[in-house]
file coords-v1.cif (mmCIF, C-alpha atoms)
data_model
#
loop_
_atom_site.group_PDB
_atom_site.id
_atom_site.type_symbol
_atom_site.label_atom_id
_atom_site.label_comp_id
_atom_site.auth_asym_id
_atom_site.auth_seq_id
_atom_site.Cartn_x
_atom_site.Cartn_y
_atom_site.Cartn_z
ATOM 1 C CA MET A 280 0.000 0.000 0.000
ATOM 2 C CA LYS A 281 1.340 3.432 -0.962
ATOM 3 C CA LYS A 282 1.364 6.116 1.752
ATOM 4 C CA ILE A 283 1.016 9.838 0.975
ATOM 5 C CA ILE A 284 1.492 12.684 3.453
ATOM 6 C CA ALA A 285 0.964 16.279 2.257
ATOM 7 C CA LEU A 286 1.318 19.478 4.301
ATOM 8 C CA THR A 287 1.358 23.210 3.527
ATOM 9 C CA LEU A 288 3.262 25.970 5.314
ATOM 10 C CA ILE A 289 2.655 29.723 5.115
ATOM 11 C CA SER A 290 5.319 32.150 6.316
ATOM 12 C CA LEU A 291 4.634 33.764 9.708
ATOM 13 C CA SER A 292 7.856 35.819 9.707
ATOM 14 C CA LEU A 293 9.180 34.018 12.800
ATOM 15 C CA ASN A 294 12.626 34.564 14.321
ATOM 16 C CA THR A 295 14.586 33.327 17.409
ATOM 17 C CA PHE A 296 18.187 32.913 18.522
ATOM 18 C CA ALA A 297 20.825 31.205 16.381
ATOM 19 C CA LEU A 298 21.601 27.509 16.852
ATOM 20 C CA ASP A 299 23.087 24.966 14.476
ATOM 21 C CA GLY A 300 20.773 22.408 12.920
ATOM 22 C CA LEU A 301 22.054 19.454 14.964
ATOM 23 C CA THR A 302 21.411 21.239 18.251
ATOM 24 C CA GLN A 303 17.953 22.282 17.064
ATOM 25 C CA ALA A 304 17.138 18.685 16.132
ATOM 26 C CA ARG A 305 18.105 17.485 19.602
ATOM 27 C CA ILE A 306 15.958 20.180 21.229
ATOM 28 C CA GLU A 307 13.035 19.229 18.968
ATOM 29 C CA LYS A 308 13.379 15.626 20.133
ATOM 30 C CA VAL A 309 13.198 16.729 23.781
ATOM 31 C CA TYR A 310 10.232 18.944 22.916
ATOM 32 C CA ASP A 311 8.379 16.040 21.303
ATOM 33 C CA ILE A 312 8.872 14.006 24.488
ATOM 34 C CA TYR A 313 7.558 16.964 26.489
ATOM 35 C CA ARG A 314 4.457 17.132 24.278
ATOM 36 C CA GLU A 315 3.840 13.416 24.596
ATOM 37 C CA ARG A 316 4.079 13.499 28.397
ATOM 38 C CA TYR A 317 2.443 16.803 29.291
ATOM 39 C CA ILE A 318 0.358 18.105 26.369
ATOM 40 C CA GLU A 319 -1.215 15.347 24.276
ATOM 41 C CA GLY A 320 -4.476 13.923 25.556
ATOM 42 C CA LYS A 321 -5.190 16.933 27.774
ATOM 43 C CA SER A 322 -8.086 19.345 27.344
ATOM 44 C CA THR A 323 -7.462 22.585 25.447
ATOM 45 C CA GLU A 324 -7.533 24.548 28.686
ATOM 46 C CA GLU A 325 -5.098 22.165 30.406
ATOM 47 C CA GLN A 326 -2.733 22.309 27.410
ATOM 48 C CA SER A 327 -2.776 26.106 27.357
ATOM 49 C CA ILE A 328 -2.137 26.366 31.101
ATOM 50 C CA LYS A 329 0.739 23.852 31.008
ATOM 51 C CA ILE A 330 2.430 25.581 28.077
ATOM 52 C CA LYS A 331 2.165 29.003 29.731
ATOM 53 C CA GLN A 332 3.611 27.588 32.964
ATOM 54 C CA THR A 333 6.511 26.041 31.077
ATOM 55 C CA GLN A 334 7.109 29.247 29.118
ATOM 56 C CA LEU A 335 7.315 31.227 32.375
ATOM 57 C CA MET A 336 9.653 28.704 33.985
ATOM 58 C CA ILE A 337 11.994 28.750 30.978
ATOM 59 C CA GLN A 338 11.920 32.544 30.824
ATOM 60 C CA ASN A 339 12.967 32.667 34.485
ATOM 61 C CA TYR A 340 15.944 30.414 33.680
ATOM 62 C CA ARG A 341 16.879 32.620 30.724
ATOM 63 C CA ASP A 342 16.743 35.776 32.877
ATOM 64 C CA MET A 343 19.030 34.399 35.578
ATOM 65 C CA PRO A 344 22.405 36.247 35.499
ATOM 66 C CA THR A 345 24.263 32.961 36.010
ATOM 67 C CA THR A 346 22.739 31.271 32.945
ATOM 68 C CA PRO A 347 25.440 30.845 30.234
ATOM 69 C CA PRO A 348 24.694 32.479 26.829
ATOM 70 C CA GLU A 349 24.648 29.124 25.018
ATOM 71 C CA ARG A 350 22.108 27.786 27.532
ATOM 72 C CA ARG A 351 19.944 30.874 26.952
ATOM 73 C CA GLU A 352 19.905 30.065 23.241
ATOM 74 C CA ILE A 353 18.762 26.507 23.950
ATOM 75 C CA PHE A 354 15.984 27.785 26.242
ATOM 76 C CA ALA A 355 14.985 30.341 23.589
ATOM 77 C CA TYR A 356 14.557 27.686 20.910
ATOM 78 C CA PHE A 357 12.495 25.493 23.234
ATOM 79 C CA GLN A 358 10.290 28.537 23.906
ATOM 80 C CA HIS A 359 10.019 28.995 20.150
ATOM 81 C CA LEU A 360 8.624 25.482 19.816
ATOM 82 C CA LEU A 361 6.245 26.087 22.715
ATOM 83 C CA CYS A 362 5.093 29.294 21.040
ATOM 84 C CA GLU A 363 4.155 27.289 17.945
ATOM 85 C CA ALA A 364 2.152 24.872 20.075
ATOM 86 C CA GLU A 365 0.380 27.737 21.848
ATOM 87 C CA SER A 366 -0.510 29.332 18.512
ATOM 88 C CA VAL A 367 -2.207 26.091 17.458
ATOM 89 C CA ILE A 368 -4.148 25.810 20.729
ATOM 90 C CA ASP A 369 -5.096 29.466 21.308
ATOM 91 C CA GLY A 370 -4.884 30.884 17.775
ATOM 92 C CA ILE A 371 -2.094 33.286 18.789
ATOM 93 C CA THR A 372 0.643 34.085 16.263
ATOM 94 C CA CYS A 373 4.185 33.566 17.566
ATOM 95 C CA GLN A 374 6.112 36.805 17.966
ATOM 96 C CA ASP A 375 9.584 35.521 18.940
ATOM 97 C CA THR A 376 12.586 35.797 16.638
ATOM 98 C CA TYR A 377 15.027 33.344 15.087
ATOM 99 C CA ILE A 378 18.215 34.337 13.282
ATOM 100 C CA PRO A 379 20.013 31.424 11.572
ATOM 101 C CA THR A 380 23.758 31.643 10.967
ATOM 102 C CA GLY A 381 26.131 30.959 8.095
ATOM 103 C CA PRO A 382 24.815 30.149 4.598
ATOM 104 C CA LEU A 383 21.269 29.743 5.934
ATOM 105 C CA THR A 384 20.966 33.544 6.124
ATOM 106 C CA LEU A 385 21.572 33.931 2.399
ATOM 107 C CA SER A 386 18.646 35.140 0.337
ATOM 108 C CA LYS A 387 17.263 32.631 -2.133
ATOM 109 C CA ASP A 388 17.808 35.316 -4.787
ATOM 110 C CA ASN A 389 21.577 34.996 -4.269
ATOM 111 C CA LEU A 390 21.602 31.213 -4.628
ATOM 112 C CA SER A 391 21.244 28.912 -7.602
ATOM 113 C CA LEU A 392 18.598 26.203 -7.467
ATOM 114 C CA SER A 393 21.408 23.667 -7.133
ATOM 115 C CA GLN A 394 22.782 25.502 -4.073
ATOM 116 C CA ILE A 395 19.312 25.774 -2.521
ATOM 117 C CA ARG A 396 18.832 22.040 -2.933
ATOM 118 C CA ASN A 397 22.251 21.277 -1.509
ATOM 119 C CA TYR A 398 21.723 23.388 1.628
ATOM 120 C CA LEU A 399 18.194 22.115 2.275
ATOM 121 C CA ILE A 400 19.010 18.450 1.733
ATOM 122 C CA THR A 401 22.202 18.648 3.814
ATOM 123 C CA GLU A 402 20.315 20.288 6.700
ATOM 124 C CA HIS A 403 17.492 17.738 6.434
ATOM 125 C CA SER A 404 19.980 14.876 6.608
ATOM 126 C CA ASN A 405 22.015 16.379 9.464
ATOM 127 C CA ARG A 406 18.903 16.911 11.569
ATOM 128 C CA ARG A 407 17.617 13.414 10.822
ATOM 129 C CA THR A 408 20.994 11.960 11.815
ATOM 130 C CA ALA A 409 20.722 13.767 15.150
ATOM 131 C CA ARG A 410 17.519 11.778 15.704
ATOM 132 C CA ASN A 411 19.177 8.491 14.751
ATOM 133 C CA LEU A 412 17.317 8.448 11.422
ATOM 134 C CA GLY A 413 18.777 7.723 8.021
ATOM 135 C CA PRO A 414 19.825 10.652 5.789
ATOM 136 C CA LEU A 415 17.840 11.704 2.733
ATOM 137 C CA THR A 416 19.355 11.218 -0.718
ATOM 138 C CA GLU A 417 18.617 13.712 -3.471
ATOM 139 C CA SER A 418 16.401 12.186 -6.161
ATOM 140 C CA PRO A 419 16.644 13.806 -9.613
ATOM 141 C CA ILE A 420 13.152 12.490 -10.366
ATOM 142 C CA LEU A 421 11.696 14.095 -7.217
ATOM 143 C CA ASP A 422 13.654 17.290 -8.013
ATOM 144 C CA ASP A 423 11.953 17.459 -11.414
ATOM 145 C CA ILE A 424 8.502 16.751 -9.958
ATOM 146 C CA ALA A 425 8.976 19.360 -7.211
ATOM 147 C CA GLN A 426 10.298 22.045 -9.571
ATOM 148 C CA LYS A 427 7.519 21.522 -12.097
ATOM 149 C CA TYR A 428 4.896 21.913 -9.388
ATOM 150 C CA ALA A 429 6.644 24.957 -7.884
ATOM 151 C CA LEU A 430 6.414 26.674 -11.289
ATOM 152 C CA GLU A 431 2.738 25.739 -11.591
ATOM 153 C CA LEU A 432 2.010 27.198 -8.146
ATOM 154 C CA CYS A 433 3.845 30.404 -9.082
ATOM 155 C CA GLN A 434 1.719 30.764 -12.210
ATOM 156 C CA ALA A 435 -1.456 30.117 -10.216
ATOM 157 C CA TRP A 436 -0.459 32.522 -7.408
ATOM 158 C CA TYR A 437 -1.919 29.989 -5.020
ATOM 159 C CA ILE A 438 -0.474 27.465 -2.568
ATOM 160 C CA THR A 439 -2.229 24.103 -2.457
ATOM 161 C CA HIS A 440 -1.500 20.379 -2.653
ATOM 162 C CA GLU A 441 -4.288 19.966 -5.218
ATOM 163 C CA LEU A 442 -4.102 22.346 -8.165
ATOM 164 C CA GLY A 443 -6.875 21.508 -10.603
ATOM 165 C CA TRP A 444 -6.476 17.840 -11.431
ATOM 166 C CA SER A 445 -2.934 17.810 -10.088
ATOM 167 C CA VAL A 446 -2.694 15.814 -6.850
ATOM 168 C CA LEU A 447 0.460 14.407 -5.287
ATOM 169 C CA GLU A 448 -0.206 10.811 -6.326
ATOM 170 C CA LYS A 449 -0.727 11.897 -9.956
ATOM 171 C CA ARG A 450 2.382 14.096 -9.943
ATOM 172 C CA TYR A 451 4.469 11.139 -8.772
ATOM 173 C CA GLN A 452 2.848 8.899 -11.368
ATOM 174 C CA ASP A 453 3.339 11.403 -14.200
ATOM 175 C CA GLY A 454 6.962 11.869 -13.145
ATOM 176 C CA TRP A 455 7.542 8.100 -13.220
ATOM 177 C CA TYR A 456 8.446 7.947 -9.540
ATOM 178 C CA LYS A 457 7.553 4.503 -8.238
ATOM 179 C CA TYR A 458 7.231 4.688 -4.473
ATOM 180 C CA SER A 459 6.054 2.827 -1.396
ATOM 181 C CA TRP A 460 5.916 6.013 0.708
ATOM 182 C CA GLY A 461 5.504 9.617 -0.454
ATOM 183 C CA GLY A 462 5.029 13.006 1.158
ATOM 184 C CA GLU A 463 5.058 16.703 0.425
ATOM 185 C CA ASN A 464 5.760 19.917 2.332
ATOM 186 C CA LEU A 465 4.854 23.259 0.760
ATOM 187 C CA GLY A 466 6.048 26.677 1.837
ATOM 188 C CA SER A 467 5.109 30.207 0.836
ATOM 189 C CA GLY A 468 6.628 33.534 1.857
ATOM 190 C CA GLN A 469 10.055 32.350 3.030
ATOM 191 C CA THR A 470 13.024 34.202 1.530
ATOM 192 C CA THR A 471 16.017 32.312 2.980
ATOM 193 C CA ILE A 472 17.033 28.716 3.642
ATOM 194 C CA GLY A 473 16.954 29.517 7.350
ATOM 195 C CA GLU A 474 13.354 30.714 7.232
ATOM 196 C CA ILE A 475 12.009 27.662 5.422
ATOM 197 C CA LEU A 476 13.911 25.303 7.741
ATOM 198 C CA ASP A 477 12.795 27.134 10.876
ATOM 199 C CA GLN A 478 9.160 27.085 9.893
ATOM 200 C CA LEU A 479 9.327 23.432 8.873
ATOM 201 C CA THR A 480 10.927 22.391 12.158
ATOM 202 C CA THR A 481 8.655 24.499 14.363
ATOM 203 C CA SER A 482 5.527 23.173 12.657
ATOM 204 C CA ILE A 483 4.608 19.919 14.372
ATOM 205 C CA HIS A 484 3.012 18.359 11.304
ATOM 206 C CA HIS A 485 5.625 19.492 8.767
ATOM 207 C CA ARG A 486 8.313 18.169 11.075
ATOM 208 C CA GLU A 487 6.680 14.745 10.797
ATOM 209 C CA ASN A 488 7.581 14.655 7.100
ATOM 210 C CA MET A 489 11.135 15.894 7.755
ATOM 211 C CA TYR A 490 11.676 13.155 10.325
ATOM 212 C CA HIS A 491 9.484 10.404 8.901
ATOM 213 C CA PRO A 492 11.463 7.161 9.289
ATOM 214 C CA GLU A 493 10.144 5.651 6.041
ATOM 215 C CA PHE A 494 11.454 8.419 3.762
ATOM 216 C CA THR A 495 14.842 7.879 2.123
ATOM 217 C CA GLU A 496 14.791 10.397 -0.759
ATOM 218 C CA ILE A 497 13.935 14.057 -1.279
ATOM 219 C CA GLY A 498 13.450 16.484 -4.148
ATOM 220 C CA VAL A 499 13.307 20.284 -3.920
ATOM 221 C CA GLY A 500 11.554 22.829 -6.106
ATOM 222 C CA GLN A 501 11.586 26.610 -5.681
ATOM 223 C CA CYS A 502 9.999 29.505 -7.585
ATOM 224 C CA MET A 503 10.027 33.046 -6.182
ATOM 225 C CA ASP A 504 8.937 32.561 -2.535
ATOM 226 C CA THR A 505 7.209 29.219 -3.193
ATOM 227 C CA TRP A 506 8.870 26.038 -1.962
ATOM 228 C CA VAL A 507 8.056 22.407 -2.768
ATOM 229 C CA LEU A 508 9.725 19.551 -0.910
ATOM 230 C CA ASN A 509 8.837 16.056 -2.103
ATOM 231 C CA TYR A 510 9.771 13.043 -0.011
ATOM 232 C CA GLY A 511 9.741 9.392 -0.983
ATOM 233 C CA ARG A 512 10.805 5.850 -0.505
ATOM 234 C CA PRO A 513 11.295 4.020 -3.845
ATOM 235 C CA GLU A 514 9.215 0.955 -4.473
ATOM 236 C CA LYS A 515 11.289 -2.201 -4.248
ATOM 237 C CA ALA A 516 11.965 -3.819 -7.596
#

call {"tool": "encode", "arguments": {"input": "coords-v1.cif", "output": "structure tokens"}}
result
Amino acid sequence: MKKIIALTLISLSLNTFALDGLTQARIEKVYDIYRERYIEGKSTEEQSIKIKQTQLMIQNYRDMPTTPPERREIFAYFQHLLCEAESVIDGITCQDTYIPTGPLTLSKDNLSLSQIRNYLITEHSNRRTARNLGPLTESPILDDIAQKYALELCQAWYITHELGWSVLEKRYQDGWYKYSWGGENLGSGQTTIGEILDQLTTSIHHRENMYHPEFTEIGVGQCMDTWVLNYGRPEKA
């Protein structure tokens, strides 16, 4: 049976402190454990109260004069993830800031499509490795499928997983990608590699595709501020 997972992401102009991708991945793993133990299965009111209590506790740690700067950055990123959860529960838009470092700060306009793919796929793989998951290999077929759909979305000025008769299963079929598992993340409004990665990792559901254990390949498409990331696991011959 073929499995398809499709998710869309709209830019919220989020920012926080700078951390490398491996450290972020480890914090996300701790955060997921926190959610499983203290958030999931609770009422909306209980979830909101628990998150606010945790936010306050972490902020107190950050404000302590004896807290090292690197520890403050770790606390800040955990708060960033909590902010995302609170926005889902209470409908409040996160207002914190995240500033990635190194090549991730480069504007997409200053990068070739090949460079964009290289940075995104490398970061995906590094963060998966931090979670003891296998890396993702670039698939030229998925690259072509993703880029074709990114161009179609640009022409339509609309972000959706189903554009007319075009659905993910049909795009994979038309692109001759034979798969046992497939998935798609869409982004709109992000201008740097850092922004798209931050908003993928701080979105609970998009993070599921990034860290899905069944995926082994990835393809990337980009047009203006529209991003298409196609994931897959080839069908065994």

call {"tool": "residues_around", "arguments": {"input": "coords-v1.cif", "residues": "Asn464 (chain A)", "least_positions_apart": "3", "cutoff": "12 Å", "atoms": "all atoms listed in the file", "output": "ChimeraX atom specification"}}
result
/A:283-289,425,428-429,438-440,447,461,467,475-476,478-480,482,484-489,497-501,505-511

call {"tool": "resolve_selection", "arguments": {"input": "coords-v1.cif", "expression": "the PyMOL selection byres ((chain A and resi 358) around 9)", "output": "PyMOL selection string"}}
result
chain A and resi 333-334+337-338+353-357+359-363+375

call {"tool": "closest_atom_pairs", "arguments": {"input": "coords-v1.cif", "of": "region 412-456 of chain A", "to": "region 386-400 of chain A", "cutoff": "12 Å", "atoms": "all atoms listed in the file", "output": "tab-separated table"}}
result
residue	atom	partner	partner_atom	distance
A:Pro414	CA	A:Ile400	CA	8.8
A:Leu415	CA	A:Ile400	CA	6.9
A:Thr416	CA	A:Ile400	CA	7.6
A:Glu417	CA	A:Ile400	CA	7.0
A:Ser418	CA	A:Ile400	CA	10.4
A:Pro419	CA	A:Arg396	CA	10.8
A:Leu421	CA	A:Arg396	CA	11.5
A:Asp422	CA	A:Arg396	CA	8.7
A:Asp423	CA	A:Leu392	CA	11.7
A:Ala425	CA	A:Arg396	CA	11.1
A:Gln426	CA	A:Leu392	CA	9.5

call {"tool": "axis_aligned_box", "arguments": {"input": "coords-v1.cif", "around": "region 492-510 of chain A", "padding_each_side": "5 Å", "output": "lines of an AutoDock Vina configuration file"}}
result
center_x = 11.0
center_y = 19.3
center_z = 0.9
size_x = 17.6
size_y = 37.4
size_z = 26.9

call {"tool": "closest_residue", "arguments": {"input": "coords-v1.cif", "among": "A:Cys502, A:Glu493, A:Ser404, A:Gly466", "to": "Cys433 (chain A)", "atoms": "only C-alpha atoms"}}
result
A:Cys502

call {"tool": "atom_distance", "arguments": {"input": "coords-v1.cif", "atom1": "CA of Arg316 (chain A)", "atom2": "CA of Ile328 (chain A)"}}
result
14.5 Å
